[in-house]
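The data block below is upload_8.txt; it holds compact mmCIF, C-alpha atoms and all ligand atoms.
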# COMPACT_ATOMS: atom_id res chain seq x y z
CA MET A 1 68.15 -11.20 38.21
CA LYS A 2 69.37 -12.91 41.35
CA ILE A 3 66.97 -13.15 44.26
CA GLN A 4 67.60 -13.74 47.95
CA GLU A 5 67.39 -17.17 49.56
CA ALA A 6 64.21 -16.22 51.46
CA ASP A 7 62.45 -15.21 48.22
CA ALA A 8 63.77 -18.27 46.40
CA LYS A 9 62.38 -20.45 49.19
CA SER A 10 58.97 -18.76 48.83
CA LEU A 11 58.94 -19.67 45.14
CA LEU A 12 59.79 -23.28 46.04
CA VAL A 13 57.02 -23.39 48.64
CA ALA A 14 54.59 -22.12 46.01
CA GLN A 15 55.39 -25.26 43.98
CA GLY A 16 54.81 -27.50 46.98
CA LEU A 17 58.45 -28.22 47.82
CA PRO A 18 59.43 -29.16 51.39
CA VAL A 19 61.14 -26.11 52.91
CA PRO A 20 61.38 -25.74 56.71
CA THR A 21 59.75 -22.48 57.86
CA TRP A 22 61.91 -19.40 58.37
CA GLU A 23 61.58 -15.76 59.42
CA LEU A 24 63.34 -12.71 58.05
CA ALA A 25 65.02 -10.38 60.58
CA ARG A 26 66.94 -7.11 60.30
CA THR A 27 67.93 -6.35 63.91
CA PRO A 28 69.24 -8.38 66.89
CA ALA A 29 65.88 -7.81 68.62
CA GLU A 30 64.00 -9.24 65.64
CA ILE A 31 66.40 -12.19 65.55
CA LYS A 32 65.83 -12.84 69.25
CA ALA A 33 62.05 -12.72 68.89
CA ALA A 34 62.07 -15.00 65.85
CA ALA A 35 64.42 -17.48 67.54
CA GLY A 36 62.16 -17.47 70.60
CA ARG A 37 59.23 -18.59 68.46
CA PHE A 38 61.23 -21.54 67.06
CA PHE A 39 62.32 -22.61 70.57
CA GLU A 40 58.70 -22.37 71.74
CA ALA A 41 57.72 -24.62 68.84
CA GLY A 42 60.04 -27.24 70.30
CA LEU A 43 63.22 -26.88 68.26
CA ALA A 44 66.50 -27.34 70.09
CA ARG A 45 68.58 -24.99 67.94
CA VAL A 46 68.09 -22.28 65.36
CA VAL A 47 70.19 -21.40 62.34
CA ILE A 48 70.88 -17.77 61.43
CA LYS A 49 71.83 -17.10 57.83
CA ALA A 50 73.07 -13.95 56.12
CA GLN A 51 70.90 -12.83 53.21
CA VAL A 52 73.32 -11.70 50.52
CA LEU A 53 73.31 -12.53 46.83
CA VAL A 54 76.54 -14.52 46.89
CA GLY A 55 77.33 -18.17 47.50
CA GLY A 56 79.63 -19.66 50.10
CA ARG A 57 78.05 -17.82 53.01
CA GLY A 58 78.67 -20.80 55.27
CA LYS A 59 82.41 -20.73 54.64
CA ALA A 60 82.49 -16.96 55.08
CA GLY A 61 80.95 -17.21 58.56
CA GLY A 62 77.50 -16.04 57.52
CA VAL A 63 75.66 -19.19 58.69
CA LYS A 64 75.64 -19.94 62.42
CA LEU A 65 73.71 -22.08 64.89
CA ALA A 66 72.40 -20.96 68.28
CA ALA A 67 70.89 -22.89 71.19
CA SER A 68 69.02 -20.06 72.91
CA ALA A 69 67.27 -16.83 71.97
CA ASP A 70 70.00 -14.77 73.64
CA GLU A 71 72.73 -16.66 71.82
CA ALA A 72 70.78 -16.16 68.56
CA ALA A 73 70.70 -12.39 69.13
CA ASP A 74 74.41 -12.40 69.95
CA VAL A 75 75.46 -14.51 66.95
CA GLY A 76 73.02 -12.61 64.73
CA SER A 77 74.38 -9.21 65.76
CA ARG A 78 77.79 -10.37 64.53
CA ILE A 79 76.39 -11.57 61.19
CA LEU A 80 74.51 -8.28 60.61
CA GLY A 81 76.98 -5.75 59.23
CA MET A 82 79.41 -8.50 58.25
CA ASP A 83 81.12 -8.11 54.89
CA ILE A 84 80.69 -11.16 52.65
CA LYS A 85 82.56 -10.93 49.35
CA GLY A 86 82.20 -7.14 49.36
CA ILE A 87 78.53 -7.07 50.33
CA THR A 88 77.31 -5.80 53.70
CA VAL A 89 74.80 -8.08 55.43
CA ARG A 90 71.59 -6.14 56.18
CA LYS A 91 69.22 -9.00 56.89
CA VAL A 92 69.25 -12.61 58.00
CA ILE A 93 66.86 -15.50 58.09
CA VAL A 94 66.20 -17.39 61.27
CA ALA A 95 65.03 -20.99 60.99
CA GLY A 96 64.76 -24.03 63.19
CA ALA A 97 67.99 -26.00 62.80
CA LEU A 98 67.45 -29.60 61.87
CA ASP A 99 69.79 -32.52 62.47
CA ILE A 100 71.31 -33.25 59.11
CA GLU A 101 72.22 -36.84 58.24
CA LYS A 102 73.41 -36.24 54.73
CA GLU A 103 73.59 -33.37 52.26
CA TYR A 104 72.79 -33.69 48.55
CA TYR A 105 72.84 -31.22 45.70
CA VAL A 106 69.99 -30.81 43.21
CA GLY A 107 69.62 -28.08 40.63
CA ALA A 108 67.94 -27.15 37.36
CA ILE A 109 69.63 -25.10 34.66
CA ILE A 110 69.05 -24.29 31.00
CA ASP A 111 71.40 -26.10 28.65
CA ARG A 112 71.69 -23.68 25.75
CA ALA A 113 73.29 -26.25 23.44
CA THR A 114 70.29 -28.59 23.58
CA ARG A 115 67.79 -25.84 24.53
CA ARG A 116 66.42 -27.94 27.36
CA ILE A 117 66.08 -27.73 31.08
CA VAL A 118 68.64 -30.04 32.63
CA LEU A 119 68.34 -31.44 36.16
CA MET A 120 71.59 -32.09 37.99
CA ALA A 121 72.13 -33.97 41.23
CA SER A 122 75.04 -35.06 43.36
CA ALA A 123 75.58 -36.99 46.57
CA GLU A 124 78.34 -34.48 47.32
CA GLY A 125 76.06 -31.71 48.50
CA GLY A 126 76.63 -28.84 50.90
CA VAL A 127 79.90 -27.76 49.29
CA GLU A 128 79.96 -25.46 46.28
CA ILE A 129 78.95 -27.45 43.23
CA GLU A 130 81.52 -25.65 41.05
CA GLU A 131 84.14 -27.20 43.34
CA VAL A 132 82.66 -30.70 42.84
CA ALA A 133 82.60 -30.10 39.08
CA ARG A 134 86.34 -29.34 39.15
CA GLN A 135 87.48 -32.04 41.57
CA ASN A 136 85.15 -34.90 40.79
CA PRO A 137 82.98 -34.24 37.72
CA GLY A 138 81.77 -37.85 37.72
CA ALA A 139 79.92 -37.16 40.97
CA ILE A 140 77.44 -34.90 39.18
CA HIS A 141 74.59 -36.69 37.41
CA ARG A 142 72.40 -35.09 34.79
CA VAL A 143 69.15 -35.65 32.98
CA SER A 144 67.59 -33.55 30.24
CA ALA A 145 63.87 -32.78 30.56
CA ASP A 146 61.66 -33.14 27.52
CA SER A 147 60.65 -29.75 26.14
CA GLU A 148 57.05 -30.89 25.61
CA LEU A 149 56.49 -33.42 28.37
CA GLY A 150 58.70 -31.96 31.08
CA LEU A 151 60.70 -33.97 33.58
CA LEU A 152 59.19 -37.43 33.50
CA THR A 153 58.92 -39.58 36.60
CA PHE A 154 61.29 -42.25 35.30
CA GLN A 155 63.90 -39.58 34.55
CA ALA A 156 63.67 -38.09 38.05
CA ARG A 157 63.85 -41.62 39.54
CA GLY A 158 66.93 -42.38 37.46
CA LEU A 159 68.61 -39.25 38.80
CA GLY A 160 67.69 -40.12 42.40
CA LEU A 161 68.98 -43.67 41.98
CA ALA A 162 72.22 -42.35 40.50
CA VAL A 163 72.94 -40.36 43.67
CA GLY A 164 72.13 -43.37 45.82
CA LEU A 165 68.62 -42.60 47.09
CA ARG A 166 66.19 -45.47 47.71
CA ASP A 167 62.67 -46.17 48.98
CA THR A 168 60.70 -43.29 50.50
CA LEU A 169 63.61 -40.85 50.09
CA LEU A 170 63.67 -41.72 46.39
CA SER A 171 59.99 -40.95 45.93
CA GLN A 172 60.46 -37.69 47.84
CA PHE A 173 63.37 -36.87 45.54
CA VAL A 174 61.19 -37.46 42.44
CA ALA A 175 58.64 -34.93 43.71
CA ILE A 176 61.40 -32.43 44.55
CA ALA A 177 63.13 -32.75 41.16
CA GLN A 178 59.80 -32.30 39.38
CA GLY A 179 59.07 -29.35 41.68
CA LEU A 180 62.35 -27.69 40.66
CA TYR A 181 61.40 -28.16 37.03
CA ALA A 182 57.99 -26.61 37.75
CA THR A 183 59.69 -23.68 39.53
CA MET A 184 61.86 -23.06 36.46
CA LYS A 185 58.83 -23.02 34.17
CA ALA A 186 56.50 -21.05 36.44
CA ASN A 187 58.96 -18.17 36.91
CA ASP A 188 61.04 -18.20 33.72
CA ALA A 189 64.08 -18.95 35.85
CA ASP A 190 67.59 -19.55 34.48
CA LEU A 191 68.68 -21.51 37.51
CA VAL A 192 67.00 -23.17 40.48
CA GLU A 193 69.38 -24.76 42.93
CA VAL A 194 68.95 -26.50 46.28
CA ASN A 195 72.23 -27.07 48.11
CA PRO A 196 72.00 -28.72 50.52
CA LEU A 197 69.01 -30.88 49.90
CA ALA A 198 69.29 -32.55 53.29
CA VAL A 199 68.17 -35.82 54.81
CA VAL A 200 66.85 -35.01 58.26
CA THR A 201 65.20 -37.21 60.85
CA GLU A 202 61.91 -36.21 62.37
CA THR A 203 60.03 -37.80 65.22
CA ALA A 204 56.51 -38.73 64.14
CA ALA A 205 53.44 -38.40 66.38
CA ASP A 206 53.73 -42.04 67.47
CA GLY A 207 57.34 -41.55 68.52
CA SER A 208 58.84 -43.34 65.53
CA ARG A 209 61.70 -41.71 63.63
CA VAL A 210 61.20 -40.89 59.98
CA GLN A 211 63.68 -39.71 57.38
CA LYS A 212 62.78 -36.75 55.22
CA LEU A 213 64.33 -34.73 52.42
CA VAL A 214 64.16 -30.96 52.94
CA CYS A 215 65.44 -27.94 51.01
CA LEU A 216 67.76 -26.08 53.41
CA ASP A 217 69.14 -23.56 50.95
CA ALA A 218 67.73 -22.16 47.72
CA LYS A 219 69.23 -20.16 44.92
CA ILE A 220 67.23 -18.87 41.98
CA THR A 221 68.15 -16.56 39.13
CA LEU A 222 65.37 -15.23 36.96
CA ASP A 223 65.63 -14.55 33.25
CA ASP A 224 65.54 -10.75 32.94
CA SER A 225 63.80 -11.04 29.59
CA GLY A 226 61.05 -13.11 31.19
CA LEU A 227 60.31 -10.61 33.97
CA ALA A 228 57.74 -8.73 31.89
CA ARG A 229 55.59 -11.86 32.04
CA HIS A 230 55.73 -11.98 35.85
CA PRO A 231 54.97 -8.52 37.24
CA GLY A 232 54.91 -9.95 40.78
CA LEU A 233 58.57 -10.97 40.61
CA GLU A 234 59.88 -7.44 40.03
CA SER A 235 59.34 -6.70 43.74
CA LEU A 236 61.93 -9.37 44.59
CA ARG A 237 64.70 -7.23 43.13
CA ASP A 238 67.12 -6.34 45.91
CA ASN A 239 67.97 -2.69 45.32
CA ASP A 240 70.54 -2.74 48.13
CA GLU A 241 72.70 -5.11 46.17
CA GLU A 242 72.12 -4.15 42.55
CA ASP A 243 75.21 -2.72 40.88
CA PRO A 244 74.58 1.08 40.44
CA THR A 245 75.60 0.92 36.77
CA ASP A 246 73.17 -1.94 36.12
CA ALA A 247 70.41 -0.06 37.93
CA GLN A 248 71.04 3.10 35.87
CA ALA A 249 71.07 1.13 32.59
CA ARG A 250 67.81 -0.56 33.52
CA LYS A 251 66.21 2.83 34.31
CA LEU A 252 67.31 4.14 30.92
CA GLY A 253 66.01 1.00 29.21
CA ILE A 254 69.36 0.25 27.58
CA ASN A 255 71.56 -2.83 27.48
CA PHE A 256 74.94 -1.98 28.95
CA ILE A 257 77.78 -4.30 29.85
CA ARG A 258 81.09 -2.94 31.14
CA LEU A 259 84.24 -4.42 29.53
CA ASP A 260 87.87 -3.60 30.14
CA GLY A 261 89.00 -1.81 26.96
CA SER A 262 89.43 1.92 26.26
CA ILE A 263 86.88 2.63 23.51
CA GLY A 264 83.39 3.45 24.67
CA CYS A 265 80.74 2.29 22.20
CA MET A 266 77.23 3.64 21.73
CA VAL A 267 75.25 1.66 19.17
CA ASN A 268 71.61 0.88 18.42
CA GLY A 269 70.76 -2.79 18.05
CA ALA A 270 72.49 -5.71 19.75
CA GLY A 271 73.79 -7.22 16.50
CA LEU A 272 75.20 -3.91 15.29
CA ALA A 273 76.78 -3.37 18.73
CA MET A 274 78.54 -6.76 18.44
CA THR A 275 79.71 -5.94 14.91
CA THR A 276 81.00 -2.57 16.07
CA MET A 277 82.98 -4.22 18.84
CA ASP A 278 84.40 -6.72 16.34
CA LEU A 279 85.59 -3.89 14.11
CA VAL A 280 87.13 -2.02 17.02
CA LYS A 281 89.13 -5.17 17.76
CA HIS A 282 89.90 -5.65 14.08
CA TYR A 283 91.58 -2.22 13.99
CA GLY A 284 93.62 -3.00 17.09
CA GLY A 285 91.45 -1.45 19.81
CA GLU A 286 89.56 -2.84 22.78
CA PRO A 287 85.92 -1.95 23.49
CA ALA A 288 85.20 -0.51 26.95
CA ASN A 289 81.60 -1.66 26.90
CA PHE A 290 78.75 -3.23 25.03
CA LEU A 291 75.90 -0.73 24.69
CA ASP A 292 72.66 -1.13 22.81
CA VAL A 293 70.59 2.05 23.17
CA GLY A 294 67.63 0.23 21.63
CA GLY A 295 65.24 1.22 18.87
CA GLY A 296 63.85 4.75 18.82
CA ALA A 297 66.46 6.02 21.31
CA ARG A 298 65.61 9.55 22.39
CA ARG A 299 67.73 12.45 23.52
CA GLU A 300 67.51 11.63 27.24
CA THR A 301 68.55 8.03 26.56
CA VAL A 302 71.56 9.20 24.56
CA CYS A 303 72.60 11.62 27.33
CA GLY A 304 72.22 8.96 30.01
CA ALA A 305 74.13 6.39 27.95
CA MET A 306 76.96 8.90 27.46
CA GLU A 307 77.20 9.40 31.23
CA LEU A 308 77.45 5.64 31.79
CA ILE A 309 80.27 5.41 29.24
CA LEU A 310 82.17 8.35 30.75
CA GLU A 311 81.91 7.00 34.30
CA ASP A 312 84.57 4.47 33.28
CA PRO A 313 88.00 6.13 33.72
CA ASN A 314 89.51 3.69 31.19
CA VAL A 315 87.50 5.23 28.36
CA LYS A 316 89.87 7.24 26.11
CA ALA A 317 87.67 7.59 23.01
CA ILE A 318 84.02 7.12 22.09
CA LEU A 319 82.60 5.53 18.99
CA VAL A 320 78.96 6.22 18.17
CA ASN A 321 77.41 4.02 15.50
CA ILE A 322 73.72 4.58 14.78
CA PHE A 323 71.71 2.99 12.03
CA GLY A 324 68.56 5.07 11.88
CA GLY A 325 65.38 3.10 11.27
CA ILE A 326 62.84 3.85 13.96
CA THR A 327 65.66 5.74 15.63
CA ARG A 328 65.95 9.22 14.15
CA GLY A 329 69.51 10.32 13.40
CA ASP A 330 68.87 13.98 14.20
CA GLU A 331 67.40 13.09 17.59
CA VAL A 332 70.53 11.10 18.45
CA ALA A 333 72.79 13.90 17.15
CA ALA A 334 70.95 16.44 19.32
CA GLY A 335 71.33 14.11 22.31
CA LEU A 336 75.06 13.76 21.65
CA ILE A 337 75.53 17.52 21.41
CA GLU A 338 73.60 18.03 24.63
CA ALA A 339 75.58 15.31 26.37
CA ARG A 340 78.88 16.82 25.16
CA ALA A 341 77.93 20.18 26.64
CA ALA A 342 77.10 18.67 30.02
CA GLN A 343 79.77 15.97 30.25
CA SER A 344 82.21 15.77 33.14
CA ARG A 345 85.39 15.18 31.14
CA GLU A 346 86.74 15.69 27.63
CA VAL A 347 86.99 12.49 25.62
CA PRO A 348 87.47 12.46 21.83
CA MET A 349 84.51 11.06 19.94
CA VAL A 350 83.72 9.93 16.41
CA VAL A 351 80.14 9.65 15.21
CA ARG A 352 78.64 7.66 12.39
CA ILE A 353 74.94 8.12 11.79
CA VAL A 354 73.24 6.66 8.72
CA GLY A 355 69.59 6.02 7.82
CA THR A 356 66.59 8.06 8.95
CA ASN A 357 67.34 11.81 9.02
CA ALA A 358 71.07 11.22 8.48
CA ALA A 359 71.45 14.48 6.53
CA GLN A 360 69.97 16.58 9.35
CA ALA A 361 72.15 14.67 11.81
CA ALA A 362 75.27 15.40 9.75
CA ARG A 363 74.46 19.11 9.67
CA LEU A 364 73.95 19.27 13.45
CA LEU A 365 77.19 17.38 14.09
CA ARG A 366 79.14 19.61 11.71
CA GLU A 367 77.82 22.77 13.34
CA ALA A 368 78.85 21.38 16.73
CA HIS A 369 82.34 20.53 15.40
CA LEU A 370 81.99 16.83 16.16
CA GLU A 371 84.15 14.35 14.28
CA THR A 372 82.12 12.17 11.91
CA ALA A 373 82.65 9.12 9.73
CA THR A 374 80.68 7.70 6.82
CA SER A 375 81.52 4.02 6.94
CA LEU A 376 81.78 1.81 9.99
CA ASP A 377 85.36 0.88 9.05
CA GLU A 378 86.34 4.52 8.95
CA ALA A 379 84.63 5.17 12.29
CA ALA A 380 86.29 2.22 14.04
CA GLU A 381 89.72 3.08 12.64
CA LYS A 382 89.37 6.71 13.74
CA ALA A 383 88.19 5.73 17.23
CA VAL A 384 91.17 3.40 17.69
CA ALA A 385 93.56 6.15 16.55
CA LEU A 386 91.94 8.71 18.90
CA ALA A 387 92.25 6.33 21.85
CA ARG A 388 95.93 5.68 21.01
CA ARG A 389 96.68 9.37 20.85
CA ALA A 390 94.94 9.97 24.17
CA THR A 391 96.96 7.28 25.97
CA ARG A 392 100.27 8.39 24.60
P1 LIG A 401 75.84 -21.28 51.53
O1 LIG A 401 77.14 -21.60 52.20
O2 LIG A 401 75.76 -19.84 51.11
O3 LIG A 401 75.52 -22.19 50.40
O4 LIG A 401 74.69 -21.47 52.64
P2 LIG A 401 73.83 -22.76 53.09
O5 LIG A 401 72.46 -22.32 53.35
O6 LIG A 401 73.99 -23.86 52.12
O7 LIG A 401 74.46 -23.16 54.48
C1 LIG A 401 75.76 -23.70 54.59
C2 LIG A 401 75.73 -24.90 55.49
O8 LIG A 401 75.12 -24.59 56.75
C3 LIG A 401 74.90 -26.06 54.96
O9 LIG A 401 75.59 -26.87 54.07
C4 LIG A 401 74.54 -26.81 56.24
O10 LIG A 401 75.58 -27.70 56.59
C5 LIG A 401 74.46 -25.68 57.26
N1 LIG A 401 73.02 -25.43 57.51
C6 LIG A 401 72.19 -24.67 56.77
N2 LIG A 401 70.93 -24.74 57.25
C7 LIG A 401 70.98 -25.61 58.31
C8 LIG A 401 70.03 -26.15 59.22
O11 LIG A 401 68.85 -25.86 59.18
N3 LIG A 401 70.50 -27.01 60.16
C9 LIG A 401 71.80 -27.36 60.28
N4 LIG A 401 72.19 -28.18 61.23
N5 LIG A 401 72.72 -26.89 59.43
C10 LIG A 401 72.33 -26.03 58.48
MN MN A 402 74.21 -23.67 49.98
Can you give me the file's structure in the form of structure tokens?
Ligand code: GDP
Ligand code: MN
Amino acid sequence: MKIQEADAKSLLVAQGLPVPTWELARTPAEIKAAAGRFFEAGLARVVIKAQVLVGGRGKAGGVKLAASADEAADVGSRILGMDIKGITVRKVIVAGALDIEKEYYVGAIIDRATRRIVLMASAEGGVEIEEVARQNPGAIHRVSADSELGLLTFQARGLGLAVGLRDTLLSQFVAIAQGLYATMKANDADLVEVNPLAVVTETAADGSRVQKLVCLDAKITLDDSGLARHPGLESLRDNDEEDPTDAQARKLGINFIRLDGSIGCMVNGAGLAMTTMDLVKHYGGEPANFLDVGGGARRETVCGAMELILEDPNVKAILVNIFGGITRGDEVAAGLIEARAAQSREVPMVVRIVGTNAAQAARLLREAHLETATSLDEAAEKAVALARRATR
């Protein structure tokens, strides 16, 4: 689950990271009022940033500076309603704009190969890191945290030194890198990224100028499978931006991923769903989706899953493969029959149900004149043939 910059920043603040204060605003009037408060606090300029779950907002015109409250309202009214990579901007953050001396990149990801949290940093911050990775991969430095001991101080120092930080900025960097690691752990995040991590100059109470590292942007994605352990994080889901298909699948409690083939698949169990897709390909077809209806799938789940499959106009045939354990075959069969009666368009379907209550399932399917198969090979072969016939 992706979360907005403002929420990501809150999670960083909770781990003690240096993030300049910001306010969320949804209307030009709110932007003006928020900007006014920053000017009162003594800042010379404010920054207004679109809150959408995509990167590259700066390049797209979704990040702008303003030198007065009126200008902020004016600039902000143009950002609100803007389309950034297909998403309409509904809210912005307003923050005091700092004078940036240099922009760095720092991020934490999970390296699946080594099963560790890896910290990455680059002196080429501000721009999209994917771009740096393509153009100049040597400019990205990495260090792997220990799975027991975490990100050790010497490791974080090594990373800071590699990007050219020294003295007080280096010790600030160590705390920030360790804070990113802590943010990953505390929230079961997949990714925690700060870009830019900026060097700004602040005037201290005695008038002297001090350099400081601050997190000006934050991007966090949370592991969906970890959300159950963090009930508080569910409220950070942005319903405005969630894909309607994803939202529907989540409501049904199923795993659904749209692909670009023509054979809709409904299977119970992730491993069996993968195998089913492999066999579809083996017989010359292309799966239209990955769908795991889960264990103990009930009638309503089956009906809802069928609707999700049929929403895709590319679907020319449906393959149902159920291995009844906790899931009862007759319950699935009844769901399929119900779904067929209510469905919006006619698509040929082949059903294979084995295991718990398979005999009852077979009888129901026969009575409803649904095409069945005994083996998975037979089912996949039939589905591919049905899809071919339908496209001809
Ligand atoms: P992104 O383009 O979606 O990654 O959005 P960012 O939040 O990274 O903003 C893009 C760029 O705007 C940054 O690289 C900065 O150069 C600039 N920017 C962001 N926040 C501030 C700020 O507080 N002060 C100043 N002067 N520039 C900022
Ligand atoms: Mn950024």
Give me the residues of chain A that have any atom at most 7 Å from an atom of ligand MN 402 (chain A); for each, the nearest atom pair and the distance in Å, rounded to one decimal. Use only C-alpha atoms and all ligand atoms, sort by chain and number, and format it as a tab-separated table.
residue	atom	partner	partner_atom	distance
A:Gly55	CA	A:MN402	MN	6.8
A:Gly56	CA	A:MN402	MN	6.7
A:Gly126	CA	A:MN402	MN	5.8
A:Asn195	CA	A:MN402	MN	4.4
A:Pro196	CA	A:MN402	MN	5.5
A:Asp217	CA	A:MN402	MN	5.2
Contact residues around stretch 302-316 of chain A with only C-alpha atoms at 10 Å, ignoring same-chain residues under 2 positions, as number ranges by chain: A: 245-246, 248-249, 251-256, 258-267, 287-293, 297-300, 318, 320, 331-340, 342-349, 383-384, 386-391
May I have the selected residues written with C-alpha atoms, as a PDB file, keeping the file's coordinate frame?
ATOM      1  CA  THR A 245      75.600   0.920  36.770  1.00  0.00           C
ATOM      2  CA  ASP A 246      73.170  -1.940  36.120  1.00  0.00           C
ATOM      3  CA  GLN A 248      71.040   3.100  35.870  1.00  0.00           C
ATOM      4  CA  ALA A 249      71.070   1.130  32.590  1.00  0.00           C
ATOM      5  CA  LYS A 251      66.210   2.830  34.310  1.00  0.00           C
ATOM      6  CA  LEU A 252      67.310   4.140  30.920  1.00  0.00           C
ATOM      7  CA  GLY A 253      66.010   1.000  29.210  1.00  0.00           C
ATOM      8  CA  ILE A 254      69.360   0.250  27.580  1.00  0.00           C
ATOM      9  CA  ASN A 255      71.560  -2.830  27.480  1.00  0.00           C
ATOM     10  CA  PHE A 256      74.940  -1.980  28.950  1.00  0.00           C
ATOM     11  CA  ARG A 258      81.090  -2.940  31.140  1.00  0.00           C
ATOM     12  CA  LEU A 259      84.240  -4.420  29.530  1.00  0.00           C
ATOM     13  CA  ASP A 260      87.870  -3.600  30.140  1.00  0.00           C
ATOM     14  CA  GLY A 261      89.000  -1.810  26.960  1.00  0.00           C
ATOM     15  CA  SER A 262      89.430   1.920  26.260  1.00  0.00           C
ATOM     16  CA  ILE A 263      86.880   2.630  23.510  1.00  0.00           C
ATOM     17  CA  GLY A 264      83.390   3.450  24.670  1.00  0.00           C
ATOM     18  CA  CYS A 265      80.740   2.290  22.200  1.00  0.00           C
ATOM     19  CA  MET A 266      77.230   3.640  21.730  1.00  0.00           C
ATOM     20  CA  VAL A 267      75.250   1.660  19.170  1.00  0.00           C
ATOM     21  CA  PRO A 287      85.920  -1.950  23.490  1.00  0.00           C
ATOM     22  CA  ALA A 288      85.200  -0.510  26.950  1.00  0.00           C
ATOM     23  CA  ASN A 289      81.600  -1.660  26.900  1.00  0.00           C
ATOM     24  CA  PHE A 290      78.750  -3.230  25.030  1.00  0.00           C
ATOM     25  CA  LEU A 291      75.900  -0.730  24.690  1.00  0.00           C
ATOM     26  CA  ASP A 292      72.660  -1.130  22.810  1.00  0.00           C
ATOM     27  CA  VAL A 293      70.590   2.050  23.170  1.00  0.00           C
ATOM     28  CA  ALA A 297      66.460   6.020  21.310  1.00  0.00           C
ATOM     29  CA  ARG A 298      65.610   9.550  22.390  1.00  0.00           C
ATOM     30  CA  ARG A 299      67.730  12.450  23.520  1.00  0.00           C
ATOM     31  CA  GLU A 300      67.510  11.630  27.240  1.00  0.00           C
ATOM     32  CA  ILE A 318      84.020   7.120  22.090  1.00  0.00           C
ATOM     33  CA  VAL A 320      78.960   6.220  18.170  1.00  0.00           C
ATOM     34  CA  GLU A 331      67.400  13.090  17.590  1.00  0.00           C
ATOM     35  CA  VAL A 332      70.530  11.100  18.450  1.00  0.00           C
ATOM     36  CA  ALA A 333      72.790  13.900  17.150  1.00  0.00           C
ATOM     37  CA  ALA A 334      70.950  16.440  19.320  1.00  0.00           C
ATOM     38  CA  GLY A 335      71.330  14.110  22.310  1.00  0.00           C
ATOM     39  CA  LEU A 336      75.060  13.760  21.650  1.00  0.00           C
ATOM     40  CA  ILE A 337      75.530  17.520  21.410  1.00  0.00           C
ATOM     41  CA  GLU A 338      73.600  18.030  24.630  1.00  0.00           C
ATOM     42  CA  ALA A 339      75.580  15.310  26.370  1.00  0.00           C
ATOM     43  CA  ARG A 340      78.880  16.820  25.160  1.00  0.00           C
ATOM     44  CA  ALA A 342      77.100  18.670  30.020  1.00  0.00           C
ATOM     45  CA  GLN A 343      79.770  15.970  30.250  1.00  0.00           C
ATOM     46  CA  SER A 344      82.210  15.770  33.140  1.00  0.00           C
ATOM     47  CA  ARG A 345      85.390  15.180  31.140  1.00  0.00           C
ATOM     48  CA  GLU A 346      86.740  15.690  27.630  1.00  0.00           C
ATOM     49  CA  VAL A 347      86.990  12.490  25.620  1.00  0.00           C
ATOM     50  CA  PRO A 348      87.470  12.460  21.830  1.00  0.00           C
ATOM     51  CA  MET A 349      84.510  11.060  19.940  1.00  0.00           C
ATOM     52  CA  ALA A 383      88.190   5.730  17.230  1.00  0.00           C
ATOM     53  CA  VAL A 384      91.170   3.400  17.690  1.00  0.00           C
ATOM     54  CA  LEU A 386      91.940   8.710  18.900  1.00  0.00           C
ATOM     55  CA  ALA A 387      92.250   6.330  21.850  1.00  0.00           C
ATOM     56  CA  ARG A 388      95.930   5.680  21.010  1.00  0.00           C
ATOM     57  CA  ARG A 389      96.680   9.370  20.850  1.00  0.00           C
ATOM     58  CA  ALA A 390      94.940   9.970  24.170  1.00  0.00           C
ATOM     59  CA  THR A 391      96.960   7.280  25.970  1.00  0.00           C
TER      60      THR A 391
END
Nearby residues (all atoms listed in the file) at most 6 Å from A:Ile109, same-chain spacing under 4 positions excluded, as a PyMOL selection string: chain A and resi 117-118+190-191
Would you mind exporting C-alpha atoms of the selected residues as a PDB file, in the frame of the given file?
ATOM      1  CA  ILE A 117      66.080 -27.730  31.080  1.00  0.00           C
ATOM      2  CA  VAL A 118      68.640 -30.040  32.630  1.00  0.00           C
ATOM      3  CA  ASP A 190      67.590 -19.550  34.480  1.00  0.00           C
ATOM      4  CA  LEU A 191      68.680 -21.510  37.510  1.00  0.00           C
TER       5      LEU A 191
END
Test item: residues no farther than 8 Å from ligand LIG 401 (chain A), counting only C-alpha atoms and all ligand atoms, as a PyMOL selection string: chain A and resi 20+46-47+49+54-60+62-65+95-100+103+125-128+195-196+216-218
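Counting from atom CA of A:Gln4, the distance to atom CA of A:Gln178 is 21.9 Å.
The nearest approach to A:Ala25 among the residues A:Gly61, A:Leu43, A:Glu371, A:Ser77, with only C-alpha atoms taken into account, belongs to A:Ser77.
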Separation of atom CA of A:Leu24 from atom CA of A:Gln51 in Å: 9.0 Å
Distance query A:Phe38 at most 12 Å, only C-alpha atoms, self and fewer than 3 positions along chain excluded, as number ranges by chain: A: 20-23, 31-35, 41-48, 66-69, 72, 94-98
Gap from atom CA of A:Asp188 to atom CA of A:Leu227 - Å, one decimal: 7.6 Å
Surrounding residues of A:Arg116 excluding itself and chain neighbours under 5 positions, 10 Å, all atoms listed in the file, as a list in words: Ile109, Ile110, Asp111, Val143, Ser144, Ala145, Asp146, Ser147, Glu148 and Gly150 of chain A
I need the residues from that last selection saved to file as a compact mmCIF listing (two decimals), in the coordinates of the input (with C-alpha atoms), if you can.
# COMPACT_ATOMS: atom_id res chain seq x y z
CA ILE A 109 69.63 -25.10 34.66
CA ILE A 110 69.05 -24.29 31.00
CA ASP A 111 71.40 -26.10 28.65
CA VAL A 143 69.15 -35.65 32.98
CA SER A 144 67.59 -33.55 30.24
CA ALA A 145 63.87 -32.78 30.56
CA ASP A 146 61.66 -33.14 27.52
CA SER A 147 60.65 -29.75 26.14
CA GLU A 148 57.05 -30.89 25.61
CA GLY A 150 58.70 -31.96 31.08
